[in-house]
$ cat model21.txt   # compact mmCIF, C-alpha atoms
# COMPACT_ATOMS: atom_id res chain seq x y z
CA MET X 1 50.61 5.90 165.49
CA ASP X 2 48.25 3.20 164.37
CA VAL X 3 49.43 2.36 160.86
CA GLY X 4 46.83 -0.26 160.00
CA GLU X 5 48.95 -2.90 158.36
CA GLY X 6 52.45 -3.56 159.55
CA PRO X 7 54.08 -3.24 162.96
CA SER X 8 53.33 -0.24 165.15
CA ASP X 9 55.84 2.57 165.54
CA ALA X 10 56.68 1.36 169.05
CA GLU X 11 57.45 -2.13 167.72
CA VAL X 12 59.69 -0.79 164.96
CA VAL X 13 61.48 1.54 167.37
CA ALA X 14 62.12 -1.41 169.71
CA ARG X 15 63.57 -3.42 166.80
CA VAL X 16 65.86 -0.56 165.77
CA LEU X 17 67.02 -0.05 169.35
CA SER X 18 67.76 -3.76 169.69
CA GLY X 19 70.22 -3.47 166.80
CA GLU X 20 68.08 -4.09 163.72
CA ARG X 21 69.28 -0.99 161.92
CA GLU X 22 67.47 -1.77 158.65
CA ALA X 23 64.09 -1.50 160.40
CA PHE X 24 64.59 2.26 160.48
CA GLY X 25 63.91 2.19 156.73
CA LEU X 26 60.33 1.23 157.55
CA LEU X 27 59.90 4.39 159.60
CA ILE X 28 61.47 6.47 156.83
CA ARG X 29 59.04 5.10 154.24
CA ARG X 30 56.16 5.68 156.64
CA TYR X 31 56.83 9.33 157.43
CA GLU X 32 59.11 10.65 154.71
CA PRO X 33 56.38 11.86 152.31
CA GLY X 34 54.73 14.05 154.95
CA LEU X 35 58.05 15.34 156.27
CA LEU X 36 59.27 16.20 152.76
CA ARG X 37 55.99 17.92 151.92
CA TYR X 38 56.10 19.93 155.13
CA ALA X 39 59.78 20.89 154.81
CA THR X 40 59.34 21.85 151.14
CA ARG X 41 56.49 24.20 152.03
CA MET X 42 58.39 25.62 154.99
CA LEU X 43 61.61 26.26 153.08
CA GLY X 44 60.22 26.93 149.59
CA SER X 45 62.87 24.68 148.08
CA ARG X 46 62.88 20.95 147.36
CA ASP X 47 66.67 20.69 147.68
CA ALA X 48 66.77 22.45 151.04
CA ALA X 49 63.82 20.35 152.21
CA ALA X 50 65.59 17.11 151.23
CA ASP X 51 68.64 18.24 153.22
CA ALA X 52 66.54 19.19 156.25
CA VAL X 53 64.59 15.91 156.22
CA ALA X 54 67.69 13.76 155.68
CA GLU X 55 69.54 15.55 158.50
CA GLY X 56 66.48 15.26 160.72
CA LEU X 57 66.06 11.53 160.10
CA VAL X 58 69.73 10.80 160.75
CA ARG X 59 69.46 12.81 163.97
CA ALA X 60 66.28 10.92 164.90
CA TYR X 61 68.06 7.60 164.38
CA ARG X 62 71.00 8.64 166.55
CA HIS X 63 68.71 9.86 169.36
CA LEU X 64 65.97 7.27 168.97
CA ALA X 65 66.51 6.00 172.51
CA SER X 66 65.53 9.44 173.81
CA CYS X 67 62.11 9.30 172.16
CA ARG X 68 60.06 8.98 175.34
CA ASP X 69 56.84 7.90 173.72
CA PRO X 70 57.36 5.88 170.51
CA GLU X 71 53.60 5.89 169.99
CA ARG X 72 53.97 9.60 169.27
CA LEU X 73 56.90 9.12 166.95
CA ARG X 74 55.27 11.16 164.20
CA THR X 75 55.13 14.41 166.18
CA TRP X 76 58.65 13.75 167.50
CA LEU X 77 59.95 13.47 163.92
CA TYR X 78 58.11 16.64 162.91
CA ARG X 79 59.70 18.43 165.84
CA ILE X 80 63.18 17.39 164.75
CA VAL X 81 62.54 18.34 161.11
CA THR X 82 60.98 21.64 162.20
CA ASN X 83 64.18 22.46 164.04
CA ARG X 84 66.26 21.50 161.00
CA CYS X 85 64.07 23.76 158.85
CA LYS X 86 64.62 26.66 161.26
CA SER X 87 68.32 26.04 161.08
CA HIS X 88 68.18 26.11 157.26
CA MET X 89 66.10 29.30 157.32
CA GLY X 90 68.75 30.88 159.52
CA ARG X 91 71.39 30.09 156.91
CA ARG X 92 69.33 31.23 153.93
CA PRO X 93 67.89 34.73 153.65
CA THR X 94 64.11 34.70 153.60
CA GLY X 95 62.53 35.50 150.31
CA ASP X 96 65.23 33.59 148.48
CA VAL X 97 63.36 32.05 145.59
CA SER X 98 64.84 28.79 144.48
CA LEU X 99 64.74 27.85 140.82
CA ASP X 100 64.03 24.24 141.61
CA ASP X 101 60.67 25.40 142.94
CA ALA X 102 59.60 27.31 139.88
CA PRO X 103 56.33 26.05 138.39
CA PRO X 104 57.01 23.10 136.08
CA ILE X 105 57.24 23.86 132.39
CA ALA X 106 54.09 22.72 130.64
CA ASP X 107 54.34 19.38 128.94
CA PRO X 108 52.42 19.16 125.64
CA GLY X 109 50.90 15.94 126.94
CA ASP X 110 49.42 17.64 130.00
CA THR X 111 45.71 17.99 130.08
CA GLU X 112 44.14 21.40 130.51
CA ALA X 113 42.92 20.38 133.97
CA ALA X 114 46.44 19.39 135.02
CA LEU X 115 47.81 22.73 133.84
CA GLU X 116 45.15 24.63 135.72
CA ARG X 117 45.93 22.62 138.80
CA ALA X 118 49.67 23.36 138.47
CA GLU X 119 48.93 27.08 138.11
CA ALA X 120 46.62 27.03 141.11
CA LEU X 121 49.30 25.25 143.17
CA ALA X 122 51.95 27.76 142.14
CA LEU X 123 49.66 30.57 143.24
CA VAL X 124 48.97 28.95 146.62
CA GLU X 125 52.69 28.34 147.11
CA ARG X 126 53.43 31.98 146.39
CA ALA X 127 50.76 33.11 148.81
CA LEU X 128 52.04 30.71 151.47
CA MET X 129 55.58 32.06 151.20
CA THR X 130 54.32 35.56 152.06
CA LEU X 131 53.46 34.29 155.56
CA SER X 132 55.96 34.52 158.40
CA PRO X 133 57.65 31.19 159.26
CA GLU X 134 55.58 30.86 162.46
CA LYS X 135 52.29 31.35 160.62
CA ARG X 136 53.39 29.10 157.77
CA GLU X 137 54.33 26.38 160.24
CA ALA X 138 50.99 26.72 162.04
CA PHE X 139 48.91 26.55 158.84
CA LEU X 140 50.85 23.61 157.41
CA LEU X 141 50.74 21.49 160.56
CA LYS X 142 47.04 22.18 161.11
CA HIS X 143 45.60 22.03 157.61
CA VAL X 144 48.12 20.17 155.43
CA GLU X 145 49.60 17.69 157.91
CA ASP X 146 46.18 17.49 159.59
CA MET X 147 47.42 17.63 163.17
CA SER X 148 45.33 18.34 166.25
CA TYR X 149 46.37 21.28 168.41
CA GLU X 150 47.75 18.79 170.96
CA GLU X 151 49.92 17.17 168.28
CA MET X 152 51.03 20.59 167.07
CA ALA X 153 52.06 21.48 170.62
CA ALA X 154 54.16 18.31 170.80
CA ALA X 155 55.69 19.00 167.38
CA THR X 156 56.57 22.63 168.04
CA GLY X 157 56.98 22.92 171.81
CA GLU X 158 54.53 25.84 171.82
CA ARG X 159 51.42 26.21 174.00
CA ILE X 160 48.02 25.41 172.51
CA PRO X 161 46.55 28.96 172.91
CA THR X 162 49.63 30.35 171.12
CA LEU X 163 49.21 27.87 168.31
CA LYS X 164 45.47 28.59 167.97
CA MET X 165 46.24 32.28 167.67
CA ARG X 166 48.91 31.58 165.05
CA VAL X 167 46.59 29.37 163.02
CA HIS X 168 43.91 32.06 163.06
CA ARG X 169 46.37 34.74 161.99
CA ALA X 170 47.79 32.43 159.33
CA ARG X 171 44.35 31.79 157.82
CA GLU X 172 43.68 35.51 157.66
CA ALA X 173 47.04 36.31 156.08
CA LEU X 174 46.78 33.46 153.58
CA LEU X 175 43.24 34.34 152.57
CA GLU X 176 44.26 37.93 151.99
CA ALA X 177 47.26 36.88 149.90
CA LEU X 178 45.14 34.45 147.86
CA LYS X 179 42.56 37.16 147.13
CA GLU X 180 45.37 39.48 146.08
CA TYR X 181 46.88 36.99 143.66
CA GLN X 182 43.64 35.66 142.15
CA MET H 183 45.20 42.08 157.48
CA ASN H 184 41.41 41.63 157.54
CA PRO H 185 40.22 39.48 160.44
CA ILE H 186 38.18 36.44 159.53
CA ASP H 187 34.78 36.03 161.13
CA PRO H 188 35.15 33.82 164.24
CA THR H 189 32.49 31.46 162.82
CA ILE H 190 34.86 30.50 160.00
CA HIS H 191 37.62 29.68 162.52
CA LYS H 192 35.18 27.54 164.52
CA VAL H 193 34.18 25.62 161.41
CA LEU H 194 37.80 25.14 160.29
CA ASP H 195 38.72 24.02 163.82
CA GLY H 196 35.89 21.46 163.67
CA GLU H 197 34.00 23.03 166.56
CA ILE H 198 30.79 23.59 164.58
CA GLY H 199 29.44 22.32 161.28
CA PRO H 200 29.73 24.21 157.95
CA GLU H 201 25.98 24.84 157.86
CA ALA H 202 26.61 27.73 160.30
CA LEU H 203 28.37 29.71 157.56
CA SER H 204 26.81 32.33 155.33
CA PRO H 205 27.46 31.93 151.54
CA ALA H 206 30.27 34.55 151.68
CA GLN H 207 31.86 32.92 154.71
CA ARG H 208 31.59 29.52 153.03
CA ARG H 209 33.50 30.85 150.01
CA ASP H 210 36.39 31.98 152.26
CA ALA H 211 36.42 28.68 154.15
CA ASP H 212 36.33 26.72 150.88
CA ARG H 213 39.17 28.81 149.46
CA LEU H 214 41.39 27.99 152.44
CA GLY H 215 40.34 24.34 152.33
CA ALA H 216 41.15 24.13 148.62
CA ALA H 217 44.57 25.71 149.20
CA ALA H 218 45.37 23.18 151.91
CA ALA H 219 44.17 20.31 149.70
CA LEU H 220 46.40 21.46 146.83
CA LEU H 221 49.42 21.66 149.11
CA ALA H 222 48.70 18.25 150.60
CA ALA H 223 48.26 16.53 147.25
CA ALA H 224 51.23 18.05 145.43
CA PRO H 225 54.06 15.62 144.66
CA VAL H 226 57.10 15.86 146.91
CA GLY H 227 60.77 15.58 146.01
CA ALA H 228 62.80 12.41 145.61
CA SER H 229 63.17 10.04 148.54
CA VAL H 230 66.07 10.57 150.94
CA GLU H 231 65.88 7.00 152.29
CA GLN H 232 69.09 5.79 150.63
CA ARG H 233 70.96 8.86 151.80
CA VAL H 234 69.74 8.44 155.38
CA MET H 235 70.42 4.69 155.50
CA ALA H 236 73.94 5.27 154.13
CA ALA H 237 74.55 7.92 156.79
CA ILE H 238 73.39 5.76 159.67
CA GLN H 239 75.58 2.86 158.53
CA ARG H 240 78.58 5.05 159.24
CA PRO H 241 79.64 5.24 162.88
CA ALA H 242 78.59 8.41 164.64
CA PRO H 243 81.42 10.95 164.95
CA SER H 244 83.17 10.91 168.31
CA ALA H 245 82.42 13.59 170.88
CA GLY H 246 85.86 15.12 170.29
CA ARG H 247 85.33 15.30 166.57
CA ARG H 248 81.90 16.87 167.02
CA LEU H 249 83.44 19.42 169.38
CA VAL H 250 86.13 20.30 166.82
CA ARG H 251 83.49 20.55 164.08
CA TRP H 252 81.37 22.78 166.30
CA ALA H 253 84.35 24.97 167.16
CA LEU H 254 85.27 25.43 163.49
CA ARG H 255 81.77 26.32 162.37
CA PRO H 256 80.67 29.98 162.58
CA HIS H 257 78.08 30.64 165.29
CA ALA H 258 76.06 33.71 166.05
CA VAL H 259 76.70 34.95 169.57
CA VAL H 260 73.82 36.95 170.97
CA LEU H 261 74.40 38.90 174.16
CA ARG H 262 71.17 40.10 175.75
CA MET H 263 71.87 42.99 178.08
CA ARG H 264 69.96 45.87 179.60
CA PRO H 265 70.97 49.16 177.92
CA VAL H 266 72.23 50.51 181.25
CA TRP H 267 74.70 47.62 181.56
CA SER H 268 75.85 47.91 177.97
CA LEU H 269 76.53 51.63 178.54
CA ALA H 270 78.46 50.81 181.71
CA LEU H 271 80.46 48.20 179.81
CA VAL H 272 81.32 50.67 177.03
CA ALA H 273 82.31 53.30 179.62
CA SER H 274 84.56 50.78 181.41
CA ILE H 275 86.27 49.79 178.16
CA LEU H 276 86.81 53.46 177.24
CA LEU H 277 88.18 54.17 180.70
CA LEU H 278 90.65 51.31 180.42
CA ALA H 279 91.73 52.54 177.00
CA VAL H 280 92.09 56.14 178.13
CA LEU H 281 93.72 55.60 181.55
CA PRO H 282 97.48 55.37 181.07
CA SER H 283 99.63 52.87 182.92
CA PRO H 284 101.97 54.59 185.39
CA GLU H 285 105.00 54.42 183.12
CA ALA H 286 103.23 54.76 179.81
CA GLY H 287 102.01 58.15 181.01
CA LEU H 288 105.48 59.66 181.17
CA GLN H 289 105.66 62.46 178.65
CA LEU H 290 109.15 63.25 177.39
CA GLY H 291 110.39 66.59 176.20
CA ASP H 292 113.12 66.93 173.57
CA GLU H 293 115.84 67.21 176.22
CA GLU H 294 114.54 64.76 178.75
CA GLY H 295 115.06 61.10 179.54
CA ILE H 296 113.59 58.45 181.85
CA ALA H 297 115.51 57.55 184.98
CA GLN H 298 114.74 54.17 186.55
CA PHE H 299 115.45 54.02 190.28
CA VAL H 300 115.64 50.57 191.83
CA GLY H 301 116.75 49.66 195.35
CA ARG H 302 116.42 46.64 197.57
CA PHE H 303 115.22 47.62 201.04
CA PRO H 304 113.49 44.66 202.72
CA GLY H 305 111.22 45.71 205.58
CA ALA H 306 111.27 49.41 204.66
CA ARG H 307 108.06 51.35 205.20
CA SER H 308 108.88 54.00 202.61
CA VAL H 309 111.66 54.85 200.20
CA HIS H 310 112.13 58.19 198.44
CA VAL H 311 114.73 59.47 196.07
CA VAL H 312 116.17 62.94 196.48
CA GLY H 313 118.90 64.61 194.51
CA SER H 314 120.20 67.54 192.58
CA PHE H 315 117.17 67.32 190.28
CA ASN H 316 114.77 68.21 193.13
CA ASP H 317 117.07 70.34 195.27
CA TRP H 318 117.59 67.44 197.68
CA GLY H 319 114.18 67.03 198.93
CA PRO H 320 111.60 69.86 198.79
CA VAL H 321 109.49 67.56 196.61
CA SER H 322 110.66 64.01 197.21
CA ILE H 323 109.93 61.26 194.75
CA PRO H 324 108.47 58.07 196.25
CA LEU H 325 109.51 54.59 195.16
CA GLU H 326 106.98 51.75 195.22
CA ASP H 327 107.20 48.13 196.26
CA ARG H 328 104.12 46.76 194.50
CA ASP H 329 105.09 43.11 194.84
CA HIS H 330 106.04 43.49 198.54
CA ASP H 331 109.29 41.71 197.76
CA GLY H 332 111.51 44.42 199.24
CA VAL H 333 112.51 45.82 195.84
CA TRP H 334 111.43 49.46 195.44
CA ARG H 335 111.08 51.14 192.06
CA ALA H 336 110.28 54.49 190.45
CA ALA H 337 110.48 55.87 186.92
CA VAL H 338 110.98 59.60 186.63
CA VAL H 339 111.43 62.01 183.77
CA LEU H 340 114.55 64.08 184.32
CA PRO H 341 116.37 66.70 182.28
CA GLU H 342 119.21 65.41 180.18
CA GLY H 343 122.55 65.53 182.03
CA THR H 344 124.30 64.32 185.18
CA HIS H 345 122.41 64.13 188.46
CA GLU H 346 123.50 63.26 192.00
CA TYR H 347 121.04 61.45 194.22
CA MET H 348 120.43 59.33 197.31
CA PHE H 349 117.62 57.20 198.70
CA VAL H 350 115.83 58.16 201.90
CA VAL H 351 114.52 55.08 203.70
CA ASP H 352 111.63 55.40 206.17
CA GLY H 353 111.99 59.18 206.01
CA GLU H 354 115.22 59.32 208.00
CA ARG H 355 117.94 57.02 206.71
CA TRP H 356 119.94 58.38 203.77
CA VAL H 357 121.37 55.57 201.69
CA VAL H 358 123.66 55.62 198.70
CA ASP H 359 122.49 53.53 195.73
CA PRO H 360 124.92 50.59 195.61
CA LEU H 361 123.82 49.81 192.03
CA ALA H 362 124.60 53.29 190.75
CA GLY H 363 127.98 52.35 189.32
CA ARG H 364 129.26 55.92 189.64
CA PHE H 365 129.71 58.00 192.74
CA VAL H 366 130.85 61.48 193.50
CA ALA H 367 132.09 63.10 196.74
CA ASP H 368 129.43 65.23 198.45
CA GLY H 369 131.95 67.64 200.02
CA PHE H 370 131.06 66.44 203.51
CA GLY H 371 133.21 63.34 203.51
CA ARG H 372 130.63 61.04 201.96
CA GLU H 373 129.51 60.10 198.43
CA ASN H 374 126.41 60.58 196.39
CA SER H 375 125.27 58.25 193.64
CA LEU H 376 125.67 59.61 190.16
CA LEU H 377 123.15 59.28 187.35
CA ILE H 378 123.55 60.27 183.70
CA VAL H 379 120.33 60.90 181.82
CA ARG H 380 120.31 60.90 178.03
CA SER H 381 117.43 61.94 175.78
CA LEU H 382 115.75 59.04 174.00
CA ARG H 383 115.07 61.18 170.99
CA ARG H 384 118.63 61.56 169.86
$ encode --input "model21.txt" --output "C-alpha cells"
Amino acid sequence: MDVGEGPSDAEVVARVLSGEREAFGLLIRRYEPGLLRYATRMLGSRDAAADAVAEGLVRAYRHLASCRDPERLRTWLYRIVTNRCKSHMGRRPTGDVSLDDAPPIADPGDTEAALERAEALALVERALMTLSPEKREAFLLKHVEDMSYEEMAAATGERIPTLKMRVHRAREALLEALKEYQ
Amino acid sequence: MNPIDPTIHKVLDGEIGPEALSPAQRRDADRLGAAAALLAAAPVGASVEQRVMAAIQRPAPSAGRRLVRWALRPHAVVLRMRPVWSLALVASILLLAVLPSPEAGLQLGDEEGIAQFVGRFPGARSVHVVGSFNDWGPVSIPLEDRDHDGVWRAAVVLPEGTHEYMFVVDGERWVVDPLAGRFVADGFGRENSLLIVRSLRR
C-alpha cells in the first residue's frame, strides 16, 4: 500500500523481519482503525472485535515471513482478522446482543445533530446485524472498507463472481432492513 | 427480499455514473451510501497496540506446548458421510453389539455348569471330546486350536454332576486327558477322565 508519508509496507515488513520488532507498531497504527471498525461491525461487539484484532495482529507478526506480497499487506491482515472473526462467531451464538454496543446514553452537552447521527448509526447497525455473516462481510469490505473486488477476493479467498453476488444480495437485504426500521 | 434494479448495482459498483438513475433509484442508492458512510465514520474501540506489542515481546509458545493447548481445547469434529455409509456403519456397530462371543453366548440353566476342555495335541488335525454326557460320541464336541499352538480348547455347558470323558484325536485316536486329575476305570481295562460339573448359581 502506498501510504503517502512514511515508509512503505514492504519496507516496514523488511525491518520487522530483520529483527526490528518495534517497527511492527507502525503497521498496527496504520491498519488498526480499519480492522477494528470492520471486526466491530462483523461481530457486533467492541470487546469481541478488540480480541479478534489483537489475536489477528499477533498471528500476523508471528507469520509475517509468510506474507508473500508485503505490498498487499492490508488485504492479508484483513484475511487474518476475518478468520479470527469467524472463529469468534463460532464461539458466540449469533444474535447475541452485547451491552457494550448499545447506543450511547445521550450526553446533555450533545448537539441535536450529534444525537440524530447516533440514532441513525444505531439503526444502521441494527439493520446490518440482520444480514448473514457472508453478506455482512461482503457489504463491509466493499462499501465501508472501500475495497475493490480483487482486494476482496484476496481478503476472503472467495472468487470475484461469488463476491459480486454476495454484495448485490447484501445491498438488497440491507436496504429492505433499513426501510423496515425507518 | 426485493431485488434491486441492476442499474443501482452498476452505479454502486462504479460501472456507470449516477445520472443513469431515476429519482426513486437514486434514493435507494443514497440510502445505502449514507449507511456505509455512517459505519465508516463511527468511532472505533480503544487501541490494541499495547496489548499486541506486549504479546509479541513474549517468545512464541513451543510446538509441543501448542500441541498440548490444542489437545486440551474442545474442537468440533465433523464427519461428512453419504447416508448409505452411515447406515452401514450403524448396522455394523449393532451387529458387533448383538453378536455374542463364542463363550459369552453360553446360556446356563439352574442346574448346569461350564466345562472347560483343554488338551495339548501338537500336529493334530482335529480333536473332539466324547463322554457320558453325549453317549460317547453320537454328537461329538469339537475343540479348537485358534492360535495354532497345538493347544485345543472347548467350553461346553453340561448338566451338574460327574461326567466321564475322553479326547478323540484326528477322528481315530482315543486319548485320556492327562490334566483331568481324576480317573475312573472304564470296565475294559483302561481309564476314562473324570469331570465334576457344579452349577455357578449356587
$ interface_residues --input "model21.txt" --of "chain H" --to "chain X" --cutoff "8 Å" --atoms "only C-alpha atoms" --output "number ranges by chain"
H: 183-186, 191, 210, 213-215, 217-222, 224-231, 233-235, 237-238, 242
$ axis_aligned_box --input "model21.txt" --around "range 316-320 of chain H" --padding-each-side "4 Å" --output "lines of an AutoDock Vina configuration file"
center_x = 114.6
center_y = 68.7
center_z = 196.0
size_x = 14.0
size_y = 11.3
size_z = 13.8
$ atom_distance --input "model21.txt" --atom1 "CA of Asp9 in chain X" --atom2 "CA of Ala60 in chain X"
13.4 Å
$ residues_around --input "model21.txt" --residues "range 79-91 of chain X" --least-positions-apart "3" --cutoff "7 Å" --atoms "only C-alpha atoms" --output "list in words"
Ala39, Leu43, Ala52, Val53, Gly56, Thr75, Trp76, Thr94, Ala155 and Thr156 of chain X
$ atom_distance --input "model21.txt" --atom1 "CA of Asp368 in chain H" --atom2 "CA of Glu354 in chain H"
18.1 Å
$ atom_distance --input "model21.txt" --atom1 "CA of Leu290 in chain H" --atom2 "CA of Val338 in chain H"
10.1 Å
$ closest_residue --input "model21.txt" --among "H:Gly353, H:Gly343, H:Gly196, H:Gly291" --to "Val311 in chain H" --atoms "all atoms listed in the file"
H:Gly353
$ residues_around --input "model21.txt" --residues "Val312 in chain H" --least-positions-apart "6" --cutoff "8 Å" --atoms "only C-alpha atoms" --output "MDAnalysis selection string"
chainID H and resid 318:319 322:323 347:350
$ closest_residue --input "model21.txt" --among "H:Ala253, H:Ala279, H:Leu325, H:Leu269" --to "Asp352 in chain H" --atoms "all atoms listed in the file"
H:Leu325
$ residues_around --input "model21.txt" --residues "Ile160 in chain X" --least-positions-apart "6" --cutoff "8 Å" --atoms "all atoms listed in the file" --output "ChimeraX atom specification"
/X:149-150,152-153
$ decode --input "model21.txt" --residues "range 354-374 of chain H" --atoms "N, CA and C atoms" --output "JSON list (two decimals), in the first residue's frame"
[["chain", "number", "residue", "atom", "x", "y", "z"],
["H", 354, "GLU", "N", -9.64, -90.80, 15.29],
["H", 354, "GLU", "CA", -9.39, -92.24, 15.48],
["H", 354, "GLU", "C", -8.64, -92.57, 16.76],
["H", 355, "ARG", "N", -7.90, -91.64, 17.28],
["H", 355, "ARG", "CA", -7.07, -91.95, 18.45],
["H", 355, "ARG", "C", -7.75, -91.46, 19.72],
["H", 356, "TRP", "N", -8.11, -92.39, 20.59],
["H", 356, "TRP", "CA", -8.79, -92.04, 21.85],
["H", 356, "TRP", "C", -7.72, -91.79, 22.91],
["H", 357, "VAL", "N", -7.80, -90.63, 23.53],
["H", 357, "VAL", "CA", -6.74, -90.24, 24.46],
["H", 357, "VAL", "C", -7.36, -89.79, 25.78],
["H", 358, "VAL", "N", -6.79, -90.25, 26.85],
["H", 358, "VAL", "CA", -7.26, -89.81, 28.16],
["H", 358, "VAL", "C", -6.68, -88.41, 28.43],
["H", 359, "ASP", "N", -7.45, -87.59, 29.15],
["H", 359, "ASP", "CA", -6.98, -86.23, 29.44],
["H", 359, "ASP", "C", -6.00, -86.27, 30.60],
["H", 360, "PRO", "N", -4.71, -86.05, 30.35],
["H", 360, "PRO", "CA", -3.74, -86.17, 31.45],
["H", 360, "PRO", "C", -3.92, -85.08, 32.51],
["H", 361, "LEU", "N", -4.64, -84.00, 32.15],
["H", 361, "LEU", "CA", -4.81, -82.90, 33.12],
["H", 361, "LEU", "C", -6.08, -83.07, 33.95],
["H", 362, "ALA", "N", -6.78, -84.18, 33.73],
["H", 362, "ALA", "CA", -8.09, -84.33, 34.39],
["H", 362, "ALA", "C", -7.98, -84.39, 35.91],
["H", 363, "GLY", "N", -6.93, -85.00, 36.41],
["H", 363, "GLY", "CA", -6.79, -85.04, 37.88],
["H", 363, "GLY", "C", -7.48, -86.25, 38.47],
["H", 364, "ARG", "N", -8.65, -86.62, 37.91],
["H", 364, "ARG", "CA", -9.35, -87.80, 38.42],
["H", 364, "ARG", "C", -9.63, -88.73, 37.24],
["H", 365, "PHE", "N", -9.56, -90.00, 37.56],
["H", 365, "PHE", "CA", -9.79, -91.01, 36.52],
["H", 365, "PHE", "C", -10.65, -92.13, 37.11],
["H", 366, "VAL", "N", -11.30, -92.82, 36.22],
["H", 366, "VAL", "CA", -12.15, -93.92, 36.66],
["H", 366, "VAL", "C", -12.01, -95.07, 35.66],
["H", 367, "ALA", "N", -12.03, -96.31, 36.16],
["H", 367, "ALA", "CA", -11.88, -97.48, 35.28],
["H", 367, "ALA", "C", -13.06, -97.58, 34.33],
["H", 368, "ASP", "N", -12.78, -97.92, 33.05],
["H", 368, "ASP", "CA", -13.87, -97.97, 32.06],
["H", 368, "ASP", "C", -14.49, -99.37, 31.94],
["H", 369, "GLY", "N", -13.98, -100.33, 32.74],
["H", 369, "GLY", "CA", -14.56, -101.68, 32.71],
["H", 369, "GLY", "C", -13.95, -102.53, 31.63],
["H", 370, "PHE", "N", -13.08, -101.90, 30.79],
["H", 370, "PHE", "CA", -12.42, -102.69, 29.74],
["H", 370, "PHE", "C", -10.91, -102.68, 29.93],
["H", 371, "GLY", "N", -10.49, -102.42, 31.14],
["H", 371, "GLY", "CA", -9.07, -102.45, 31.46],
["H", 371, "GLY", "C", -8.36, -101.13, 31.25],
["H", 372, "ARG", "N", -9.13, -100.10, 30.93],
["H", 372, "ARG", "CA", -8.49, -98.78, 30.75],
["H", 372, "ARG", "C", -9.19, -97.77, 31.64],
["H", 373, "GLU", "N", -8.81, -96.50, 31.55],
["H", 373, "GLU", "CA", -9.42, -95.45, 32.39],
["H", 373, "GLU", "C", -10.02, -94.33, 31.55],
["H", 374, "ASN", "N", -11.05, -93.78, 32.08],
["H", 374, "ASN", "CA", -11.61, -92.54, 31.50],
["H", 374, "ASN", "C", -11.26, -91.38, 32.42]]
